[in-house]
Structure formats: C-alpha cells, structure tokens
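Have a look at the structure below before the remarks.
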Amino acid sequence: MKKNMLLIAGSLILTILFYLFWWQNPLLTYLDYKLYDRFTHSMPSSHAPASTVVIEIDDKSLKALGQWPWPRIITAKLIDTITNSKPSAIVMDMVFSEEDRTSPIILQSFYNNALGVKITIDGLPKSLHDNDAVLSDAIHRSPMVLPVFSNTDRQSSICILPSTVTYDNFLKNTNLYPLNNLVCSLPRFQQPSQGIGHIHAMADEDGILRRLPLVMQHEDVWIPTLGMAATASVHKGIQFDAASPFLGGMELTQSGKRFFADSHSNALLSFYPFDQYEKISAVDILNGSVKPERLNGKCVFIGSTALGLDSMYTMSDGSVRSGVYIHATMVENILNGDLGVQPSLYQPLNIILSFIIGILLLMQMIRKQYLSVVISYLTISLLAGIITALAWQYHLYLSIGYLIIPLSAYLFILALLMFFIDYRNKKRFIDELNRSTLQKQRLQSALSASESEIEYQKAMLFQQSKLAAMGEMIDNIAHQWRQPLNLLGVIIQHAEFAYSKGKVDEKYIQKMNTDSMEQILFMSQTIDDFRNFVKPDRQNILFDLNKSVEESIRLLSGIFKANSITIIAEYSDEPLMIMGSPSEFKQVIINLLHNARDALLENNPINPMIHIKLVADQSNVAITLKDNGGGIALAVIDKIFEPYFTTKDETKGSGIGLYISRAIIKTKMGGEITATNVENGALFTITLPLDARESIA
C-alpha cells in the first residue's frame with residue numbers, strides 16, 4: 001500500500017513538472033498555430049472577395065512609368081481616373097509624408113539655392129507648378145482613406161483625425177498596442193481625406209501572418225486598422241463594447257456586422273484564394289483600358305506589389321502577399337462577417353484541462369487499463385475536434401492545441417515508461433521462471449505422490465464410512481433375524497406336537513411349508529439387501545431412486561421397529577432414473593436415517609417419526625427426509641457437513657458421515673444436499689438431476 005502511494009505521489013509530481021514545462025512554451029504556441037492553419041484550410045470561408053479591387057503598382061507599371069515614387073501629378077491622375085468610376089472608397093496603402101521634389105516650384109527653389117541658377121516656369125500652367133497641390137485637389141475630390149504607421153527612425157508627423165470616424169469610451173480601459181513616433185501624410189493630404197488607418201501588420205512567432213490589431217493607441221487617440229477605417233468611411237461609425245472573456249474580451253460592431261477581438265483588439269483574418277482577388281495594373285487605369293464598371297461601388301485599394309517597394313507577408317499556405325492585400329482582406333472579412341478571434345483565456349484553460357485529463361489517464365495506466373486509456377484519449381481528441389470545428393463555424397478558435405498537444409506528448413511518454421516497466425517486470429519474471437524450473441519439477445514429482453496419497457485417503461475415508469454403516473447394519477440384521485428365527489423354532493416345535501397327536505396331514509404340511517418359506521425368504525432378502533449395499537460399484541449405472549430408498553429403509557427396518565420409530569415413505573408413481581452408484585446413494589440415505597434415529601433417541605419425542613418423500617419434475621428429483629427429533633442447533637448447522645465435525649459422543653460418531661454424504665451427492669452425482677430446521681425437527685433435502693435419456697423417453 002505504501003509503495004503504491006509513493007508511486008502515485010511521484011507520478012503526480014512528475015506530471016506537474018511536465019505541464020509546467022509546457023506553460024508559456026513557444027513550442028506549444030508554434031504547434032497550436034499549425035493546428036489553427038489546418039482548421040483554416042479544412043474549413044475555408046464560403047465567401048469570395050467581391051467588394052474590393054486592388055490597383056497594383058507592379059513591375060508592368062514601373063516599366064511603363066519609371067521608378068517609384070512617381071511624380072505626384074501621375075498619382076493624382078490615377079486617383080482622378082478611379083474617382084470618375086465612382087468607387088465607394090479609395091484606400092491608399094502608401095504615406096505621402098514629404099513634399100514631391102519633382103514639383104516645378106521645388107526644382108526652381110533647389111536650383112536657385114544650391115547652384116545660384118534661376119530657372120523660370122512661367123510657360124507652365126500655374127495649376128501644374130505644385131504637384132502636391134494637384135494631388136491634394138485629387139484627394140479632396142475622392143473618397144480617400146490614408147494610412148499611418150509607427151517608425152522609431154523618423155520624427156512624428158502631425159496627423160489629423162477625420163470627424164467621420166467615432167470611438168467608444170470603452171477603449172479607455174483597454175490594453176491596446178501603442179503607436180509611437182507616428183508617421184502620416186502631409187496635412188494638405190490628410191485634411192481632405194475621409195479617414196485614416198494604421199497599416200501595422202506583424203507576423204506570428206513562426207513568421208506567418210494570421211491576425212491584425214483592429215485598433216491601436218497613439219497617446220490619447222485610438223486609430224483603427226486601414227481596412228476598418230475604409231469600411232467606416234462608407235458605413236459610418238465603429239462601436240466598441242466589452243465581451244465575455246470566452247468570446248475574446250472585446251466586441252465590435254461595424255457596418256451592421258458584429259464580431260469579436262481579443263483584449264488587445266487582435267482579430268484573425270480569413271484569407272481568400274489569391275486568384276479570387278480582383279487585381280488591375282495601375283498603368284492600365286492610366287491608359288484608360290479598364291472599364292469604369294469594374295470599379296463602380298467598390299472599395300479600391302492602391303498599393304505597390306513590385307518586389308522591394310512594400311512589405312511582403314508569408315501566408316499559412318506558403319504564398320507571399322504584399323501589404324495592400326492584407327488590408328483589402330480586412331475589408332472583405334468585415335463585410336462578409338469572416339473575422340475570427342482567438343481568446344487568450346482558452347490557452348491556460350486548455351492546459352489545465354489537459355493536466356486534469358492526464359492525471360485521470362495516469363490512474364488508468366497505473367491500474368493497467370490500457371484499452372480504456374486508448375479509448376478515452378481517442379474520445380477526448382474526437383470530442384475536442386468536434387467542439388473546435390463547431391466553434392470555428394462562429395469564427396471562434398479555442399486554441400485546441402494547448403489541450404491535445406501536451407496530452408499527446410504526456411501519453412506518449414507514459415506509454416514509453418510503461419513499456420520499459422513492463423519489459424523489466426517480464427524480464428524479471430522470466431528470470432525467476434528459469435530459476436524455479438528445477439523446483440517446479442521437484443514439486444510436480446511430490447504433487448504426483450501427494451495426489452496418489454489423497455486419492456488413497458479419500459478411498460479409505462469412504463471405506464471407513466461404509467464400514468461404520470456396515471457395523472450398524474450387522475446389528476440391524478441381528479434384530480431382523482431374531483423374530484423369523486423364533487417363528488421357525490415355533491413351527492418346528494408345533495410340527496413335532498402335531499405329529500404326536502396325529503394331526504399331520506397334507507393340509508398341515510402345506511401350511512407349515514408356506515409359513516417357513518415366508519420367514520426364510522424374508523431372511524434371504526435381508527442378506528441380498530446387505531450384499532447390494534456392501535458390494536463395490538466399479539462404474540456408474542442407471543438405477544431407480546424409488547427402489548434404492550426402499551431397500552435402504554428395509555435394511556434398517558428391524559432396528560427402527562426395536563426403537564418404536566415410525567418411517568413413512570412416499571414414493572413417486574414413475575421410475576426416477578439417475579446415473580450413479582446405487583450403493584453410494586444407499587449409504588447417503590442410511591447415514592441420514594442413522595442421524596435421524598440418534599436425534600429421536602436423544603430427544604425422545606412422543607410418536608417418534610421419520611418422513612421420506614420423493615418428488616420429481618421434468619429435469620430434477622428432490623428427496624426430503626424430515627424427523628421430529630428437535631432439529632439442529634443454529635450455532636452448528638452451517639458446520640455439519642465439515643469433515644470430522646460431530647455433536648455426538650466420540651463413541652457414537654466419527655463426524656464423517658455427513659461429509660461423505662455431501663461428497664457423494666455433490667461430487668459424484670452432480671446434485672446438492674442441504675439441511676434446515678422445520679417445526680420440531682430437521683429437514684434434509686437432496687436434489688439430483690434425472691437422466692436425460694429417461695426424460696426424453
């Protein structure tokens with residue numbers, strides 16, 4: 001017991017240390033990311049990105065219009081062309097934080113200040129003197145949303161928040177990511193825009209982009225992500241509220257859509273297949289080869305996709321996308337209701353749940369219930385997968401890896417330990433088995449001799465019991481023969497007297513012969529009954545219980561008459577054929593009759609009586625033997641069938657009669673014998689199976 005307690009305590013301590021290893025382990029976070037990716041690939045969104053168009057500043061555009069950045073006048077023309085197609089919003093994924101150095105007035109000032117050369121731009125229309133003014137006018141005419149970002153290498157710009165975006169006081173008590181050293185477009189561009197949004201996108205620890213912070217904090221100002229700002233410029237207002245930690249902690253409502261984010265406002269993006277996004281090269285817009293209907297009512301993103309011009313992000317499928325597609329995906333997710341959330345609560349909760357399940361499975365392991373462990377593990381894994389899949393339908397990821405991964409690793413280690421423990425135990429067992437081979441051989445030899453001795457002792461015990469019964473019956477035969485011998489003597493004396501009187505005639509001789517033969521036949525029957533009892537039965541035979549009981553009573557009739565004991569026997573009307581030894585069954589009946597006689601002589605009731613009855617059904621026969629000798633003491637009634645147990649004086653009983661009787665009935669004949677007290681005596685019941693062949697007949 002103490003050893004088991006130490007084993008359980010040690011296992012519990014090691015289990016705690018094992019789960020402490022997984023607590024806040026980057027490896028577990030990495031593996032959980034992979035499970036999340038598996039879910040996203042197995043159950044992708046049923047929607048398509050139909051609300052956005054991406055205008056790419058791609059290699060084709062750079063080849064046609066020169067290296068980036070282009071003069072702002074070209075960008076202004078691009079914006080005007082798009083604006084004429086009546087989009088719902090234009091979202092610029094680039095920041096104009098400095099003046100355009102290719103503007104004519106900037107070049108005029110540069111040559112004058114740097115080289116002392118005065119150039120004139122009088123022949124150029126005044127509207128084209130300042131490229132930034134041209135771009136500002138284009139922005140003013142368009143439904144423009146501009147980005148901001150944080151850069152520690154640059155000084156913050158003055159950023160103007162448009163009045164069309166509203167924020168909830170709930171954000172004052174939240175723990176949002178900070179935007180420090182904010183960089184935004186020049187005020188002349190920022191002021192006429194319809195909104196601003198941050199363009200921060202940070203990959204997870206494994207380098208894969210999966211989530212975006214929906215809102216970030218700059219001093220006392222909250223700035224939404226660029227995609228959310230674009231949506232809000234069309235569908236006014238962003239509503240924030242607290243949510244249950246089981247749902248992420250933050251609830252947002254925008255454009256009639258309700259979705260959730262974690263306590264840092266992080267939301268999981270649902271990326272669509274890249275070929276489903278509508279993409280147009282910027283040069284195709286500028287040369288007028290794109291029909292305006294393709295942009296009408298759409299949220300149009302303008303961003304660079306050429307290598308080296310913009311940040312590139314790796315997706316879970318291995319593809320690489322530029323930042324403009326990340327923010328276009330945010331708009332699509334908001335409008336389609338595809339934004340997901342990974343509440344931070346489920347990570348520690350699942351580790352704790354995994355620990356509890358691990359302890360329960362450990363208990364099963366210790367009890368060697370290996371099949372139960374496998375079934376429990378598979379059931380838990382299947383149930384966890386089903387629950388996670390159902391939650392994912394509502395864009396809720398339950399961080400199931402924090403439950404399954406530690407539990408799987410724990411069971412794997414347990415399985416290895418149990419394998420080595422079982423291997424060691426089996427090796428010890430085999431070694432012990434080999435060491436005990438010689439001893440077993442010796443024991444087998446001794447056992448053979450012991451079995452022979454046991455059989456011999458058992459045979460002697462049966463013989464002893466039979467000899468004891470024979471002694472009783474020899475005395476009984478003496479009682480039975482005394483009366484017929486007396487009668488024969490009387491007949492002989494009477495014959496002599498009759499002869500002297502001359503009364504011997506043929507009629508007298510016939511009567512004398514009849515009376516004498518009756519007594520002689522009675523004595524001969526007694527000898528036959530005794531011989532049938534004492535002769536050994538070498539094999540089981542079919543015999544009739546009625547006949548065996550009748551012969552047993554007849555053997556003892558003389559001694560019972562001498563003691564004035566009445567025996568009443570009720571036999572069955574049909575033969576009761578069973579398979580067994582007739583002499584052994586008679587020995588049982590005689591033992592029971594002797595015990596009943598002794599009880600009657602000891603208690604001396606009025607009208608001492610023994611009642612025997614045989615009753616049968618289709619498969620069994622019951623023989624009951626009841627007396628009125630006072631019954632069996634309750635203190636010893638459960639012991640009467642034990643060997644050498646007796647309540648009689650040593651000179652009157654050896655204590656093996658009932659033991660032998662039970663051995664004969666139960667072991668040799670396949671029946672049962674029981675004893676109970678009834679009325680003023682004892683009742684013994686023998687139940688034996690009838691022979692099947694007789695039952696069929």
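Each chain in the structure tokens gets a letter, A, B and so on, in the order shown; residues start at 1 in every chain, and ligands are counted from 1 in the order they appear.
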Exercise. For Thr305 of chain A, work out the shell of residues within 7 Å, counting only C-alpha atoms and skipping chain neighbours fewer than 3 positions away, then give it as a ChimeraX atom specification.
Key: /A:56-58,309-310,322
Self-check item: Neighbour list for Thr388 of chain A as a ChimeraX atom specification, cut-off 7 Å, only C-alpha atoms, skip fewer than 3 positions in-chain
Solution: /A:384-385,391-392,397-398,400
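Residues in contact with segment 416-427 of chain A at 12 Å, where only C-alpha atoms are counted and same-chain residues fewer than 3 positions away are skipped, are listed as A:Ser11, A:Leu362, A:Gln364, A:Met365, A:Ile366, A:Arg367, A:Lys368, A:Gln369, A:Tyr370, A:Ala409, A:Tyr410, A:Leu411, A:Phe412, A:Ile413, A:Ile430, A:Asp431, A:Glu432, A:Leu433, A:Asn434.
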Polymer residues at most 10 Å from segment 174-185 of chain A, only C-alpha atoms, same-chain spacing of 2 or more positions, as a short mmCIF file (atom, residue, chain, number, x, y, z; two decimals) with N, CA and C atoms, in the first residue's frame:
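Produced file result.cif, reproduced below:
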data_model
loop_
_atom_site.label_atom_id
_atom_site.label_comp_id
_atom_site.auth_asym_id
_atom_site.auth_seq_id
_atom_site.Cartn_x
_atom_site.Cartn_y
_atom_site.Cartn_z
N MET A 94 -0.04 53.79 -49.00
CA MET A 94 1.26 54.47 -49.04
C MET A 94 1.10 55.82 -48.36
N VAL A 95 2.16 56.29 -47.73
CA VAL A 95 2.15 57.54 -46.96
C VAL A 95 2.92 58.61 -47.72
N PHE A 96 2.30 59.79 -47.89
CA PHE A 96 2.95 60.94 -48.52
C PHE A 96 3.41 61.89 -47.42
N SER A 97 4.50 61.52 -46.76
CA SER A 97 4.94 62.28 -45.59
C SER A 97 5.89 63.42 -45.95
N GLU A 98 6.36 63.50 -47.19
CA GLU A 98 7.28 64.55 -47.61
C GLU A 98 6.77 65.20 -48.90
N GLU A 99 7.29 66.41 -49.18
CA GLU A 99 6.90 67.11 -50.40
C GLU A 99 7.49 66.40 -51.62
N LEU A 146 -6.39 57.38 -45.97
CA LEU A 146 -4.93 57.35 -45.98
C LEU A 146 -4.40 56.58 -44.78
N PRO A 147 -3.19 56.05 -44.91
CA PRO A 147 -2.63 55.25 -43.83
C PRO A 147 -1.71 56.07 -42.93
N VAL A 148 -1.44 55.50 -41.74
CA VAL A 148 -0.39 56.00 -40.84
C VAL A 148 0.37 54.77 -40.35
N PHE A 149 1.61 55.01 -39.89
CA PHE A 149 2.37 53.91 -39.32
C PHE A 149 3.35 54.46 -38.31
N SER A 150 3.94 53.58 -37.54
CA SER A 150 4.88 53.96 -36.50
C SER A 150 6.28 53.63 -36.96
N ASN A 151 7.19 54.61 -36.84
CA ASN A 151 8.57 54.42 -37.26
C ASN A 151 9.48 55.12 -36.26
N THR A 152 10.25 54.34 -35.54
CA THR A 152 11.12 54.92 -34.49
C THR A 152 12.29 55.68 -35.09
N ASP A 153 12.57 55.49 -36.40
CA ASP A 153 13.70 56.19 -37.03
C ASP A 153 13.32 57.57 -37.56
N ARG A 154 12.03 57.89 -37.47
CA ARG A 154 11.59 59.16 -38.03
C ARG A 154 10.81 59.94 -36.99
N GLN A 155 10.81 61.24 -37.16
CA GLN A 155 10.06 62.12 -36.26
C GLN A 155 8.58 62.06 -36.59
N SER A 156 7.76 62.11 -35.57
CA SER A 156 6.32 62.03 -35.78
C SER A 156 5.81 63.21 -36.58
N SER A 157 4.80 62.93 -37.39
CA SER A 157 4.12 63.98 -38.14
C SER A 157 2.86 64.39 -37.40
N ILE A 158 2.31 65.48 -37.82
CA ILE A 158 1.03 65.91 -37.27
C ILE A 158 -0.08 65.20 -38.04
N CYS A 159 -0.83 64.35 -37.35
CA CYS A 159 -1.88 63.57 -38.01
C CYS A 159 -3.24 64.12 -37.60
N ILE A 160 -4.06 64.36 -38.59
CA ILE A 160 -5.39 64.90 -38.35
C ILE A 160 -6.41 63.78 -38.49
N ASN A 169 -15.85 55.18 -25.53
CA ASN A 169 -15.08 55.37 -24.29
C ASN A 169 -14.61 54.05 -23.69
N PHE A 170 -15.18 52.96 -24.16
CA PHE A 170 -14.74 51.65 -23.67
C PHE A 170 -13.25 51.45 -23.87
N LEU A 171 -12.69 52.05 -24.95
CA LEU A 171 -11.29 51.86 -25.26
C LEU A 171 -10.35 52.47 -24.23
N LYS A 172 -10.87 53.37 -23.39
CA LYS A 172 -10.01 54.00 -22.37
C LYS A 172 -9.49 52.98 -21.37
N PRO A 187 -0.24 67.35 -43.91
CA PRO A 187 -1.58 67.86 -43.57
C PRO A 187 -2.41 68.22 -44.80
N ARG A 188 -1.76 68.69 -45.89
CA ARG A 188 -2.51 69.08 -47.08
C ARG A 188 -3.17 67.86 -47.74
N PHE A 189 -2.64 66.68 -47.47
CA PHE A 189 -3.25 65.45 -47.96
C PHE A 189 -4.20 64.84 -46.93
N GLN A 190 -3.79 65.00 -45.68
CA GLN A 190 -4.55 64.33 -44.62
C GLN A 190 -5.89 65.01 -44.38
N GLN A 191 -5.89 66.34 -44.43
CA GLN A 191 -7.11 67.08 -44.09
C GLN A 191 -8.30 66.75 -44.98
N ILE A 196 -8.39 57.82 -41.70
CA ILE A 196 -7.03 57.29 -41.62
C ILE A 196 -7.09 55.94 -40.91
N GLY A 197 -6.09 55.11 -41.21
CA GLY A 197 -6.00 53.82 -40.53
C GLY A 197 -4.55 53.35 -40.50
N HIS A 198 -4.20 52.64 -39.44
CA HIS A 198 -2.81 52.16 -39.34
C HIS A 198 -2.61 50.96 -40.25
N HIS A 200 -0.15 48.64 -39.64
CA HIS A 200 0.74 47.71 -38.95
C HIS A 200 0.21 46.29 -39.08
N PRO A 213 -4.19 43.82 -35.42
CA PRO A 213 -4.86 44.60 -34.37
C PRO A 213 -5.88 45.54 -35.02
N LEU A 214 -7.13 45.46 -34.61
CA LEU A 214 -8.18 46.26 -35.23
C LEU A 214 -8.07 47.74 -34.87
N VAL A 215 -7.50 48.02 -33.71
CA VAL A 215 -7.36 49.41 -33.29
C VAL A 215 -6.10 49.50 -32.44
N MET A 216 -5.37 50.62 -32.60
CA MET A 216 -4.15 50.86 -31.82
C MET A 216 -4.23 52.24 -31.19
N GLN A 217 -3.39 52.49 -30.20
CA GLN A 217 -3.47 53.73 -29.43
C GLN A 217 -2.25 54.60 -29.68
N HIS A 218 -2.51 55.86 -29.95
CA HIS A 218 -1.46 56.86 -30.07
C HIS A 218 -1.78 58.00 -29.11
N GLU A 219 -1.01 58.03 -28.02
CA GLU A 219 -1.27 58.99 -26.94
C GLU A 219 -2.71 58.80 -26.47
N VAL A 221 -5.37 58.95 -28.47
CA VAL A 221 -6.16 58.77 -29.67
C VAL A 221 -6.13 57.28 -30.05
N TRP A 222 -7.29 56.77 -30.53
CA TRP A 222 -7.38 55.39 -30.98
C TRP A 222 -7.53 55.38 -32.49
N ILE A 223 -6.65 54.61 -33.14
CA ILE A 223 -6.61 54.61 -34.60
C ILE A 223 -6.94 53.20 -35.10
N ALA A 242 -17.54 45.77 -24.24
CA ALA A 242 -16.91 44.63 -23.56
C ALA A 242 -17.63 43.35 -23.94
N GLY A 249 -13.15 39.09 -25.22
CA GLY A 249 -12.99 40.25 -24.34
C GLY A 249 -13.41 41.56 -24.96
N MET A 250 -13.48 41.65 -26.30
CA MET A 250 -13.85 42.91 -26.96
C MET A 250 -14.83 42.60 -28.08
N SER A 263 -8.35 40.91 -26.09
CA SER A 263 -8.22 42.09 -25.23
C SER A 263 -7.28 43.13 -25.82
N HIS A 264 -6.42 42.73 -26.79
CA HIS A 264 -5.54 43.68 -27.47
C HIS A 264 -6.13 44.13 -28.80
N SER A 265 -7.36 43.75 -29.09
CA SER A 265 -8.09 44.06 -30.32
C SER A 265 -7.61 43.24 -31.51
N ASN A 266 -6.84 42.16 -31.28
CA ASN A 266 -6.40 41.31 -32.38
C ASN A 266 -7.56 40.49 -32.93
#
Quiz item: How far is it from atom CA of Leu269 of chain A to atom CA of Ser193 of chain A, in Å with one decimal?
Solution: 26.1 Å
Exercise. Between A:Ile637, A:Ile491, A:Leu592, A:Leu124, single out the one closest to Thr685 of chain A, counting only C-alpha atoms.
Key: A:Leu592
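Between atom CA of Ala232 of chain A and atom CA of Ser51 of chain A the interatomic distance comes to 14.1 Å.
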